[in-house]
file structure-v7.txt (compact mmCIF, C-alpha atoms (C1' of nucleotides))
# COMPACT_ATOMS: atom_id res chain seq x y z
CA MET A 1 -17.00 -26.11 17.96
CA SER A 2 -15.45 -24.37 14.97
CA SER A 3 -14.45 -27.18 12.63
CA GLN A 4 -10.78 -27.95 12.30
CA VAL A 5 -9.49 -27.91 8.75
CA LEU A 6 -6.41 -26.21 10.06
CA SER A 7 -3.45 -28.15 11.44
CA THR A 8 -1.48 -25.18 10.22
CA GLN A 9 1.81 -26.78 11.20
CA GLU A 10 3.01 -23.79 13.13
CA THR A 11 6.76 -23.91 13.42
CA SER A 12 6.23 -22.18 16.68
CA ASP A 13 8.93 -21.41 19.15
CA GLU A 14 8.21 -21.27 22.84
CA SER A 15 5.27 -18.92 22.75
CA GLY A 16 3.04 -20.43 20.11
CA LEU A 17 3.53 -17.48 17.82
CA PRO A 18 2.75 -18.59 14.28
CA ASP A 19 5.66 -18.59 11.86
CA THR A 20 4.15 -20.37 8.94
CA ALA A 21 4.95 -20.26 5.26
CA TRP A 22 2.26 -17.63 4.91
CA VAL A 23 3.71 -15.34 7.54
CA ARG A 24 7.15 -15.67 6.03
CA PHE A 25 5.64 -14.89 2.67
CA LEU A 26 4.11 -11.70 4.04
CA ARG A 27 7.27 -10.59 5.82
CA ALA A 28 9.53 -11.38 2.93
CA HIS A 29 7.31 -9.39 0.62
CA ALA A 30 7.32 -6.38 2.90
CA ALA A 31 11.07 -6.42 3.34
CA LEU A 32 11.97 -7.11 -0.27
CA THR A 33 9.63 -4.62 -1.86
CA ARG A 34 10.73 -1.97 0.58
CA GLU A 35 14.37 -2.42 -0.26
CA LEU A 36 13.93 -2.93 -4.00
CA SER A 37 11.57 -0.03 -4.28
CA SER A 38 13.88 2.30 -2.45
CA ARG A 39 16.82 1.37 -4.67
CA LEU A 40 14.79 1.67 -7.86
CA GLU A 41 13.44 5.01 -6.81
CA ALA A 42 16.83 6.36 -5.80
CA LEU A 43 18.51 5.34 -9.04
CA HIS A 44 15.76 5.74 -11.61
CA GLU A 45 12.80 7.52 -10.05
CA LEU A 46 10.53 4.57 -10.68
CA THR A 47 8.29 2.61 -8.36
CA LEU A 48 8.10 -1.16 -8.59
CA SER A 49 4.73 -0.85 -10.26
CA ASP A 50 6.07 1.67 -12.74
CA PHE A 51 8.79 -0.75 -13.65
CA ASP A 52 6.34 -3.60 -13.92
CA VAL A 53 4.14 -1.67 -16.30
CA LEU A 54 7.03 -0.47 -18.40
CA VAL A 55 8.30 -4.02 -18.75
CA GLN A 56 4.89 -5.25 -19.84
CA LEU A 57 4.78 -2.58 -22.50
CA TYR A 58 8.36 -3.21 -23.51
CA TYR A 59 7.62 -6.80 -24.39
CA ALA A 60 4.18 -6.18 -25.89
CA GLU A 61 3.54 -6.16 -29.63
CA GLY A 62 4.22 -2.69 -30.92
CA ARG A 63 5.15 -1.73 -27.38
CA ARG A 64 1.55 -0.86 -26.72
CA MET A 65 -1.32 -2.37 -24.79
CA ARG A 66 -4.89 -1.62 -23.91
CA ARG A 67 -4.98 -0.07 -20.48
CA ILE A 68 -7.32 -2.71 -19.18
CA ASP A 69 -5.04 -5.55 -20.27
CA LEU A 70 -2.14 -3.79 -18.68
CA ALA A 71 -4.09 -3.57 -15.46
CA ARG A 72 -4.87 -7.27 -15.49
CA SER A 73 -1.34 -8.33 -16.25
CA VAL A 74 0.15 -6.45 -13.33
CA LEU A 75 -2.82 -7.05 -11.03
CA LEU A 76 -3.84 -3.48 -10.54
CA THR A 77 -7.38 -2.15 -10.79
CA ALA A 78 -8.46 -0.06 -13.73
CA SER A 79 -8.29 3.06 -11.65
CA GLY A 80 -4.87 2.13 -10.40
CA ILE A 81 -3.63 1.91 -13.97
CA THR A 82 -5.18 5.23 -14.89
CA ARG A 83 -3.31 7.01 -12.17
CA LEU A 84 -0.08 5.15 -12.64
CA LEU A 85 -0.11 5.94 -16.35
CA ASP A 86 -0.90 9.56 -15.57
CA GLY A 87 2.44 9.69 -13.85
CA LEU A 88 4.33 7.91 -16.60
CA GLU A 89 2.69 10.15 -19.20
CA SER A 90 3.66 13.36 -17.51
CA ALA A 91 7.16 11.95 -17.23
CA GLY A 92 7.04 11.41 -20.98
CA LEU A 93 7.63 7.67 -20.77
CA VAL A 94 4.35 6.52 -22.27
CA GLY A 95 1.73 8.07 -24.53
CA LYS A 96 -1.92 7.53 -25.32
CA GLU A 97 -3.37 6.24 -28.57
CA ARG A 98 -7.00 5.93 -29.54
CA CYS A 99 -8.33 2.67 -30.89
CA GLU A 100 -9.98 2.99 -34.28
CA SER A 101 -12.23 -0.01 -34.07
CA ASP A 102 -13.46 0.59 -30.54
CA ALA A 103 -13.72 4.11 -29.24
CA ARG A 104 -13.87 2.93 -25.65
CA VAL A 105 -10.33 1.69 -25.50
CA THR A 106 -7.16 3.68 -25.23
CA TYR A 107 -3.74 2.23 -25.77
CA ALA A 108 -0.74 2.96 -23.65
CA VAL A 109 2.34 3.21 -25.85
CA LEU A 110 5.94 3.27 -24.77
CA THR A 111 7.68 6.41 -26.02
CA LYS A 112 11.31 6.55 -27.07
CA ALA A 113 12.12 8.00 -23.69
CA GLY A 114 10.22 5.13 -22.14
CA VAL A 115 12.25 2.54 -24.00
CA LYS A 116 15.44 4.30 -23.02
CA LYS A 117 14.32 4.52 -19.41
CA ILE A 118 13.60 0.86 -19.03
CA GLU A 119 16.77 -0.20 -20.76
CA GLU A 120 18.65 1.99 -18.33
CA ALA A 121 16.82 0.73 -15.29
CA ARG A 122 16.70 -2.93 -16.20
CA ASP A 123 20.22 -4.02 -15.41
CA SER A 124 20.46 -2.52 -11.99
CA HIS A 125 17.01 -3.64 -11.00
CA LEU A 126 17.54 -7.21 -12.16
CA ALA A 127 20.83 -7.22 -10.31
CA ASP A 128 19.07 -6.06 -7.16
CA ILE A 129 16.45 -8.77 -7.51
CA GLU A 130 19.20 -11.29 -8.03
CA GLU A 131 21.07 -10.10 -4.98
CA LEU A 132 18.14 -9.98 -2.59
CA PHE A 133 16.04 -12.81 -3.97
CA GLY A 134 17.52 -15.05 -6.63
CA ALA A 135 20.93 -15.53 -5.10
CA ARG A 136 19.34 -17.21 -2.10
CA PHE A 137 18.46 -20.25 -4.20
CA SER A 138 20.09 -22.81 -6.41
CA PRO A 139 18.77 -23.06 -9.97
CA GLN A 140 16.71 -26.09 -8.98
CA GLU A 141 15.31 -24.37 -5.94
CA ARG A 142 14.46 -21.36 -8.03
CA GLU A 143 12.51 -23.49 -10.42
CA GLN A 144 10.72 -25.25 -7.64
CA LEU A 145 9.91 -22.02 -5.92
CA ALA A 146 8.48 -20.67 -9.16
CA GLU A 147 6.44 -23.81 -9.56
CA LEU A 148 5.05 -23.63 -6.05
CA LEU A 149 4.23 -19.96 -6.32
CA GLY A 150 2.64 -20.58 -9.69
CA ARG A 151 -0.04 -22.66 -8.01
CA LEU A 152 -1.38 -19.73 -6.08
CA PRO A 153 -4.58 -18.11 -7.34
CA LEU A 154 -4.16 -14.88 -9.23
CA ALA A 155 -7.76 -13.76 -9.29
CA HIS A 156 -10.94 -13.92 -7.28
CA THR A 157 -12.02 -17.41 -6.44
CA SER A 158 -15.67 -16.55 -6.04
CA GLU A 159 -16.17 -16.90 -9.77
CA ALA A 160 -19.39 -18.88 -9.52
CA CYS A 161 -18.13 -21.99 -11.29
CA SER A 162 -21.55 -23.59 -11.32
CA THR A 163 -22.87 -25.03 -14.62
CA MET B 1 29.84 -3.94 -20.43
CA SER B 2 27.48 -4.23 -17.49
CA SER B 3 28.57 -7.58 -16.13
CA GLN B 4 26.17 -10.43 -16.48
CA VAL B 5 25.35 -12.05 -13.18
CA LEU B 6 21.85 -12.49 -14.45
CA SER B 7 20.81 -15.51 -16.47
CA THR B 8 17.52 -14.94 -14.78
CA GLN B 9 16.13 -18.15 -16.25
CA GLU B 10 13.06 -16.47 -17.67
CA THR B 11 10.38 -19.05 -18.27
CA SER B 12 9.31 -16.80 -21.08
CA ASP B 13 6.55 -17.60 -23.49
CA GLU B 14 6.64 -16.32 -27.05
CA SER B 15 7.36 -12.69 -26.35
CA GLY B 16 10.24 -12.80 -23.91
CA LEU B 17 8.08 -11.46 -21.13
CA PRO B 18 9.63 -12.40 -17.81
CA ASP B 19 7.71 -14.82 -15.63
CA THR B 20 10.23 -15.60 -12.97
CA ALA B 21 9.83 -16.75 -9.41
CA TRP B 22 10.06 -13.12 -8.38
CA VAL B 23 7.25 -11.98 -10.63
CA ARG B 24 5.08 -14.83 -9.46
CA PHE B 25 5.90 -13.87 -5.92
CA LEU B 26 4.76 -10.32 -6.56
CA ARG B 27 1.58 -11.32 -8.34
CA ALA B 28 0.64 -13.95 -5.80
CA HIS B 29 1.09 -11.46 -3.02
CA ALA B 30 -1.11 -8.89 -4.71
CA ALA B 31 -3.87 -11.36 -5.42
CA LEU B 32 -3.79 -13.13 -2.07
CA THR B 33 -3.64 -10.07 0.11
CA ARG B 34 -6.41 -8.44 -1.86
CA GLU B 35 -8.73 -11.38 -1.40
CA LEU B 36 -7.79 -12.17 2.19
CA SER B 37 -7.99 -8.54 3.19
CA SER B 38 -11.40 -8.11 1.66
CA ARG B 39 -12.75 -11.19 3.44
CA LEU B 40 -11.25 -10.21 6.76
CA GLU B 41 -12.61 -6.72 6.46
CA ALA B 42 -16.06 -7.85 5.49
CA LEU B 43 -16.37 -10.34 8.32
CA HIS B 44 -14.45 -8.69 11.12
CA GLU B 45 -13.62 -5.13 10.15
CA LEU B 46 -9.91 -5.80 10.39
CA THR B 47 -7.12 -5.22 7.91
CA LEU B 48 -4.40 -7.81 7.44
CA SER B 49 -2.02 -5.60 9.41
CA ASP B 50 -4.54 -5.22 12.21
CA PHE B 51 -4.82 -8.96 12.45
CA ASP B 52 -1.06 -9.36 12.35
CA VAL B 53 -0.61 -6.95 15.20
CA LEU B 54 -3.37 -8.47 17.29
CA VAL B 55 -1.84 -11.91 16.86
CA GLN B 56 1.55 -10.66 17.96
CA LEU B 57 0.00 -9.21 21.09
CA TYR B 58 -2.09 -12.29 21.68
CA TYR B 59 0.96 -14.49 21.92
CA ALA B 60 3.15 -12.00 23.75
CA GLU B 61 3.89 -12.24 27.46
CA GLY B 62 1.13 -10.50 29.33
CA ARG B 63 -0.46 -9.76 25.98
CA ARG B 64 1.51 -6.58 25.78
CA MET B 65 4.48 -5.32 23.82
CA ARG B 66 6.50 -2.18 23.37
CA ARG B 67 5.27 -0.39 20.31
CA ILE B 68 8.68 -0.42 18.74
CA ASP B 69 9.03 -4.18 19.08
CA LEU B 70 5.59 -4.59 17.62
CA ALA B 71 6.63 -2.49 14.67
CA ARG B 72 9.73 -4.57 14.06
CA SER B 73 7.94 -7.87 14.32
CA VAL B 74 5.35 -7.02 11.69
CA LEU B 75 7.76 -4.97 9.56
CA LEU B 76 6.04 -1.65 9.84
CA THR B 77 7.71 1.66 10.62
CA ALA B 78 7.28 3.28 14.00
CA SER B 79 4.86 5.79 12.58
CA GLY B 80 2.93 3.04 10.86
CA ILE B 81 2.43 1.35 14.22
CA THR B 82 1.36 4.55 15.89
CA ARG B 83 -1.41 5.08 13.41
CA LEU B 84 -2.45 1.47 13.25
CA LEU B 85 -2.71 1.32 17.04
CA ASP B 86 -4.66 4.58 17.02
CA GLY B 87 -7.29 2.71 15.09
CA LEU B 88 -7.25 -0.36 17.30
CA GLU B 89 -7.40 1.85 20.39
CA SER B 90 -10.41 3.78 19.26
CA ALA B 91 -12.02 0.45 18.46
CA GLY B 92 -11.29 -0.55 22.04
CA LEU B 93 -9.18 -3.56 21.09
CA VAL B 94 -5.90 -2.42 22.60
CA GLY B 95 -4.89 0.03 25.29
CA LYS B 96 -1.81 2.00 26.27
CA GLU B 97 0.35 1.45 29.31
CA ARG B 98 3.27 3.52 30.51
CA CYS B 99 6.56 1.88 31.30
CA GLU B 100 7.79 2.63 34.79
CA SER B 101 11.47 2.09 34.21
CA ASP B 102 11.63 4.01 30.96
CA ALA B 103 9.32 6.94 30.36
CA ARG B 104 9.98 6.86 26.62
CA VAL B 105 8.26 3.59 25.98
CA THR B 106 4.59 2.85 25.85
CA TYR B 107 3.16 -0.60 25.85
CA ALA B 108 0.33 -1.73 23.67
CA VAL B 109 -1.92 -4.08 25.63
CA LEU B 110 -4.65 -6.29 24.31
CA THR B 111 -7.96 -5.50 25.99
CA LYS B 112 -10.63 -8.07 26.77
CA ALA B 113 -12.45 -6.95 23.66
CA GLY B 114 -9.23 -7.39 21.73
CA VAL B 115 -8.81 -10.97 22.93
CA LYS B 116 -12.40 -11.69 22.03
CA LYS B 117 -12.01 -10.08 18.64
CA ILE B 118 -9.01 -12.11 17.62
CA GLU B 119 -10.48 -15.34 18.88
CA GLU B 120 -13.53 -14.61 16.77
CA ALA B 121 -11.56 -13.67 13.69
CA ARG B 122 -8.92 -16.35 13.91
CA ASP B 123 -10.82 -19.35 12.68
CA SER B 124 -12.27 -17.80 9.59
CA HIS B 125 -9.05 -16.08 8.67
CA LEU B 126 -6.95 -19.20 9.10
CA ALA B 127 -9.48 -21.09 7.05
CA ASP B 128 -9.21 -18.46 4.31
CA ILE B 129 -5.44 -18.70 4.36
CA GLU B 130 -5.71 -22.44 4.20
CA GLU B 131 -8.10 -22.30 1.27
CA LEU B 132 -6.19 -19.77 -0.81
CA PHE B 133 -2.65 -20.63 0.20
CA GLY B 134 -2.04 -23.72 2.26
CA ALA B 135 -4.32 -26.10 0.42
CA ARG B 136 -2.20 -25.67 -2.71
CA PHE B 137 0.62 -27.62 -1.13
CA SER B 138 1.31 -30.95 0.46
CA PRO B 139 2.71 -30.91 3.99
CA GLN B 140 6.18 -31.49 2.61
CA GLU B 141 5.83 -28.76 0.06
CA ARG B 142 4.58 -26.42 2.72
CA GLU B 143 7.60 -27.06 4.80
CA GLN B 144 9.92 -26.60 1.91
CA LEU B 145 8.21 -23.41 0.87
CA ALA B 146 8.57 -22.09 4.40
CA GLU B 147 12.22 -23.03 4.37
CA LEU B 148 12.87 -21.31 1.05
CA LEU B 149 11.00 -18.18 2.06
CA GLY B 150 12.84 -18.17 5.36
CA ARG B 151 16.09 -17.54 3.51
CA LEU B 152 14.96 -14.18 2.27
CA PRO B 153 16.29 -11.09 4.02
CA LEU B 154 13.95 -9.41 6.44
CA ALA B 155 15.84 -6.20 6.94
CA HIS B 156 18.15 -3.81 5.15
CA THR B 157 21.20 -5.46 3.69
CA SER B 158 23.25 -2.29 3.47
CA GLU B 159 24.34 -2.75 7.04
CA ALA B 160 27.99 -2.00 6.37
CA CYS B 161 29.34 -5.43 7.16
CA SER B 162 32.95 -4.30 6.77
CA THR B 163 35.47 -5.21 9.49
C1' DG C 1 25.79 18.09 35.71
C1' DA C 2 26.61 19.88 30.87
C1' DG C 3 26.79 18.29 26.54
C1' DC C 4 26.15 14.68 23.08
C1' DT C 5 24.14 10.86 21.10
C1' DA C 6 20.72 7.34 20.79
C1' DT C 7 16.07 5.71 21.41
C1' DA C 8 10.76 5.75 21.68
C1' DC C 9 7.15 7.88 19.93
C1' DT C 10 4.17 11.30 17.42
C1' DT C 11 2.79 14.41 13.68
C1' DG C 12 2.48 16.68 9.03
C1' DA C 13 2.79 15.98 4.34
C1' DG C 14 2.64 13.21 0.46
C1' DG C 15 2.19 8.87 -2.37
C1' DT C 16 -0.10 4.71 -3.85
C1' DC C 17 -3.95 2.15 -4.28
C1' DG C 18 -8.87 0.21 -4.05
C1' DC C 19 -13.90 0.88 -4.13
C1' DA C 20 -17.96 2.98 -5.76
C1' DA C 21 -20.02 6.02 -8.85
C1' DT C 22 -20.06 7.78 -13.35
C1' DC C 23 -19.80 8.41 -18.33
C1' DA C 24 -19.26 6.85 -23.05
C1' DA C 25 -19.21 3.34 -26.43
C1' DT C 26 -20.33 -1.30 -27.76
C1' DA C 27 -22.83 -5.72 -27.78
C1' DT C 28 -27.10 -8.33 -27.21
C1' DA C 29 -32.20 -9.04 -27.28
C1' DG C 30 -36.67 -8.53 -28.38
C1' DC D 1 -34.62 -0.10 -34.14
C1' DT D 2 -34.93 0.49 -29.24
C1' DA D 3 -34.04 -1.14 -24.58
C1' DT D 4 -30.78 -3.30 -21.65
C1' DA D 5 -26.49 -5.06 -20.24
C1' DT D 6 -21.56 -5.00 -20.58
C1' DT D 7 -17.08 -3.06 -21.07
C1' DG D 8 -13.20 0.53 -20.93
C1' DA D 9 -11.84 4.40 -18.68
C1' DT D 10 -11.86 8.23 -15.33
C1' DT D 11 -12.72 10.62 -10.86
C1' DG D 12 -13.96 11.50 -5.80
C1' DC D 13 -13.04 9.72 -1.67
C1' DG D 14 -10.86 7.35 1.85
C1' DA D 15 -7.52 3.84 3.77
C1' DC D 16 -2.92 2.69 4.64
C1' DC D 17 1.77 3.54 4.84
C1' DT D 18 6.38 5.98 4.54
C1' DC D 19 9.62 9.76 5.17
C1' DA D 20 11.21 13.73 7.48
C1' DA D 21 10.95 16.50 11.30
C1' DG D 22 10.00 17.30 16.04
C1' DT D 23 9.55 16.18 21.19
C1' DA D 24 10.85 13.80 25.22
C1' DT D 25 13.54 10.61 27.77
C1' DA D 26 17.70 7.89 28.64
C1' DG D 27 22.57 6.86 28.72
C1' DC D 28 27.36 8.12 28.29
C1' DT D 29 31.56 11.00 28.76
C1' DC D 30 34.10 14.45 30.61
call {"tool": "encode", "arguments": {"input": "structure-v7.txt", "output": "structure tokens"}}
result
Amino acid sequence: MSSQVLSTQETSDESGLPDTAWVRFLRAHAALTRELSSRLEALHELTLSDFDVLVQLYYAEGRRMRRIDLARSVLLTASGITRLLDGLESAGLVGKERCESDARVTYAVLTKAGVKKIEEARDSHLADIEELFGARFSPQEREQLAELLGRLPLAHTSEACST
Amino acid sequence: MSSQVLSTQETSDESGLPDTAWVRFLRAHAALTRELSSRLEALHELTLSDFDVLVQLYYAEGRRMRRIDLARSVLLTASGITRLLDGLESAGLVGKERCESDARVTYAVLTKAGVKKIEEARDSHLADIEELFGARFSPQEREQLAELLGRLPLAHTSEACST
DNA sequence: GAGCTATACTTGAGGTCGCAATCAATATAG
DNA sequence: CTATATTGATTGCGACCTCAAGTATAGCTC
């Protein structure tokens, strides 16, 4: 019983313990985010998510975005963004702006301090990413890795694609 | 100034927004773990970490491990393991066992219910992983992905490798 | 065996995040 | 125009996890 789609090509050692691409993916994520986060926090008092959000804003038109779009682009929930921005606001890195055409939406805007912050943090953080992640691969491998990872689903798959 | 090791080959679109392998890695992890976790929780009342730990025990000799080794193998901290096992213990899936030769260590042992639980959960979870992750790749690609991910560091790199 | 260090584990406090519920404003229908 | 559904945002609550500190045991050196 229990149909076999699997075949999960377990690169097992003696014991049969699974060490698949997925498990490596999980472990690598845990280890890398732990180390990167700790460095980023020590040097700049930012979490990885903070940095992510600041970068999104930095490259957005007018350095501002609707909070909901921000949430989608960094894959946080709406409530996650609310609380994350609360922190960045009280740190003076982003501000709020009302939308004139739609009173429901609020924009998050990068402040001067926010721009300064990210320009300060960027170099060291990119260097850390390079050291712990990028440097492990040749340019070709990097591209291929990006391509492979790009195939993975970024949203819920239960989207009722009937009709 | 600020030497340029970077070159981070940003596959940018119009705006210059970075969409590197690293960012895809982060996003894919967020999306996949969210979906997998929600399925696993709905069907079996287990978190991804719970499942991870149960699998480690399942394949361990005597279905038992020192808590500290468990922690290292799933990349949690010692305190993380303590609390996670608290949950699994009160659910009756694992038990504690004292070590006779060293009174400091406690073993975590899979109970009968624990074995049953993981055997129940395994098929659906592996199928979910296959659907959301594995099925995106050919066997060759899978292997290559595993190889690439296997190059990433799993522990702290600041290990003072002088001398 | 006294002192020192290292290891295994636990606990308190705090941070991040998701889900569900809620409210306000907008869009759509009849 | 009114009723209903949808969307953006916030908040209460709880889950999970880490760090720092504390306890207990083990090993090592003199």
call {"tool": "residues_around", "arguments": {"input": "structure-v7.txt", "residues": "range 5-22 of chain D", "least_positions_apart": "6", "cutoff": "9 Å", "atoms": "all atoms listed in the file", "output": "PDB file with C-alpha atoms (C1' of nucleotides), keeping the file's coordinate frame"}}
result
ATOM      1  CA  ARG A  67      -4.980  -0.070 -20.480  1.00  0.00           C
ATOM      2  CA  ILE A  68      -7.320  -2.710 -19.180  1.00  0.00           C
ATOM      3  CA  ALA A  78      -8.460  -0.060 -13.730  1.00  0.00           C
ATOM      4  CA  SER A  79      -8.290   3.060 -11.650  1.00  0.00           C
ATOM      5  CA  THR A  82      -5.180   5.230 -14.890  1.00  0.00           C
ATOM      6  CA  ARG A 104     -13.870   2.930 -25.650  1.00  0.00           C
ATOM      7  CA  VAL A 105     -10.330   1.690 -25.500  1.00  0.00           C
ATOM      8  CA  THR A 106      -7.160   3.680 -25.230  1.00  0.00           C
TER       9      THR A 106
ATOM     10  CA  LEU B  76       6.040  -1.650   9.840  1.00  0.00           C
ATOM     11  CA  THR B  77       7.710   1.660  10.620  1.00  0.00           C
ATOM     12  CA  SER B  79       4.860   5.790  12.580  1.00  0.00           C
ATOM     13  CA  GLY B  80       2.930   3.040  10.860  1.00  0.00           C
ATOM     14  CA  LEU B  84      -2.450   1.470  13.250  1.00  0.00           C
TER      15      LEU B  84
ATOM     16  C1'  DT C  10       4.170  11.300  17.420  1.00  0.00           C
ATOM     17  C1'  DT C  11       2.790  14.410  13.680  1.00  0.00           C
ATOM     18  C1'  DG C  12       2.480  16.680   9.030  1.00  0.00           C
ATOM     19  C1'  DG C  15       2.190   8.870  -2.370  1.00  0.00           C
ATOM     20  C1'  DT C  16      -0.100   4.710  -3.850  1.00  0.00           C
ATOM     21  C1'  DC C  17      -3.950   2.150  -4.280  1.00  0.00           C
ATOM     22  C1'  DG C  18      -8.870   0.210  -4.050  1.00  0.00           C
ATOM     23  C1'  DA C  21     -20.020   6.020  -8.850  1.00  0.00           C
ATOM     24  C1'  DT C  22     -20.060   7.780 -13.350  1.00  0.00           C
ATOM     25  C1'  DC C  23     -19.800   8.410 -18.330  1.00  0.00           C
ATOM     26  C1'  DA C  24     -19.260   6.850 -23.050  1.00  0.00           C
ATOM     27  C1'  DA C  25     -19.210   3.340 -26.430  1.00  0.00           C
ATOM     28  C1'  DT C  26     -20.330  -1.300 -27.760  1.00  0.00           C
ATOM     29  C1'  DA C  27     -22.830  -5.720 -27.780  1.00  0.00           C
ATOM     30  C1'  DT C  28     -27.100  -8.330 -27.210  1.00  0.00           C
TER      31       DT C  28
END
call {"tool": "closest_atom_pairs", "arguments": {"input": "structure-v7.txt", "of": "chain A", "to": "chain B", "cutoff": "7 Å", "atoms": "only C-alpha atoms", "output": "JSON lines"}}
result
{"residue": "A:Leu6", "atom": "CA", "partner": "B:Ala127", "partner_atom": "CA", "distance": 6.7}
{"residue": "A:Ser15", "atom": "CA", "partner": "B:Tyr59", "partner_atom": "CA", "distance": 6.2}
{"residue": "A:Gly16", "atom": "CA", "partner": "B:Tyr59", "partner_atom": "CA", "distance": 6.5}
{"residue": "A:Leu17", "atom": "CA", "partner": "B:Tyr59", "partner_atom": "CA", "distance": 5.7}
{"residue": "A:Thr20", "atom": "CA", "partner": "B:Ala146", "partner_atom": "CA", "distance": 6.6}
{"residue": "A:Ala21", "atom": "CA", "partner": "B:Ala146", "partner_atom": "CA", "distance": 4.1}
{"residue": "A:Arg24", "atom": "CA", "partner": "B:Leu149", "partner_atom": "CA", "distance": 6.1}
{"residue": "A:Phe25", "atom": "CA", "partner": "B:Leu149", "partner_atom": "CA", "distance": 6.3}
{"residue": "A:Arg27", "atom": "CA", "partner": "B:Leu75", "partner_atom": "CA", "distance": 6.8}
{"residue": "A:Ala28", "atom": "CA", "partner": "B:Leu154", "partner_atom": "CA", "distance": 6.0}
{"residue": "A:Ala30", "atom": "CA", "partner": "B:Leu75", "partner_atom": "CA", "distance": 6.8}
{"residue": "A:Ala31", "atom": "CA", "partner": "B:Leu154", "partner_atom": "CA", "distance": 5.2}
{"residue": "A:Glu35", "atom": "CA", "partner": "B:His156", "partner_atom": "CA", "distance": 6.7}
{"residue": "A:Tyr59", "atom": "CA", "partner": "B:Leu17", "partner_atom": "CA", "distance": 5.7}
{"residue": "A:Leu75", "atom": "CA", "partner": "B:Arg27", "partner_atom": "CA", "distance": 6.7}
{"residue": "A:Ala127", "atom": "CA", "partner": "B:Leu6", "partner_atom": "CA", "distance": 6.8}
{"residue": "A:Leu132", "atom": "CA", "partner": "B:Pro153", "partner_atom": "CA", "distance": 7.0}
{"residue": "A:Phe133", "atom": "CA", "partner": "B:Leu152", "partner_atom": "CA", "distance": 6.5}
{"residue": "A:Arg136", "atom": "CA", "partner": "B:Arg151", "partner_atom": "CA", "distance": 6.5}
{"residue": "A:Arg142", "atom": "CA", "partner": "B:Ala21", "partner_atom": "CA", "distance": 6.7}
{"residue": "A:Leu145", "atom": "CA", "partner": "B:Ala21", "partner_atom": "CA", "distance": 6.3}
{"residue": "A:Ala146", "atom": "CA", "partner": "B:Ala21", "partner_atom": "CA", "distance": 4.2}
{"residue": "A:Leu149", "atom": "CA", "partner": "B:Arg24", "partner_atom": "CA", "distance": 6.1}
{"residue": "A:Gly150", "atom": "CA", "partner": "B:Arg24", "partner_atom": "CA", "distance": 6.3}
{"residue": "A:Arg151", "atom": "CA", "partner": "B:Arg136", "partner_atom": "CA", "distance": 6.5}
{"residue": "A:Leu152", "atom": "CA", "partner": "B:Ala28", "partner_atom": "CA", "distance": 6.1}
{"residue": "A:Pro153", "atom": "CA", "partner": "B:Ala28", "partner_atom": "CA", "distance": 6.9}
{"residue": "A:Leu154", "atom": "CA", "partner": "B:Ala31", "partner_atom": "CA", "distance": 5.2}
{"residue": "A:Ala155", "atom": "CA", "partner": "B:Ala31", "partner_atom": "CA", "distance": 6.0}
{"residue": "A:His156", "atom": "CA", "partner": "B:Glu35", "partner_atom": "CA", "distance": 6.8}
call {"tool": "atom_distance", "arguments": {"input": "structure-v7.txt", "atom1": "CA of Leu85 in chain B", "atom2": "CA of Ala108 in chain B"}}
result
7.9 Å
call {"tool": "atom_distance", "arguments": {"input": "structure-v7.txt", "atom1": "CA of Ser37 in chain A", "atom2": "CA of Glu119 in chain A"}}
result
17.3 Å
call {"tool": "atom_distance", "arguments": {"input": "structure-v7.txt", "atom1": "CA of Lys96 in chain B", "atom2": "CA of Lys112 in chain B"}}
result
13.4 Å
call {"tool": "closest_residue", "arguments": {"input": "structure-v7.txt", "among": "A:Ala121, A:Leu93, A:Val53, A:Ile81", "to": "chain D", "atoms": "all atoms listed in the file"}}
result
A:Ile81
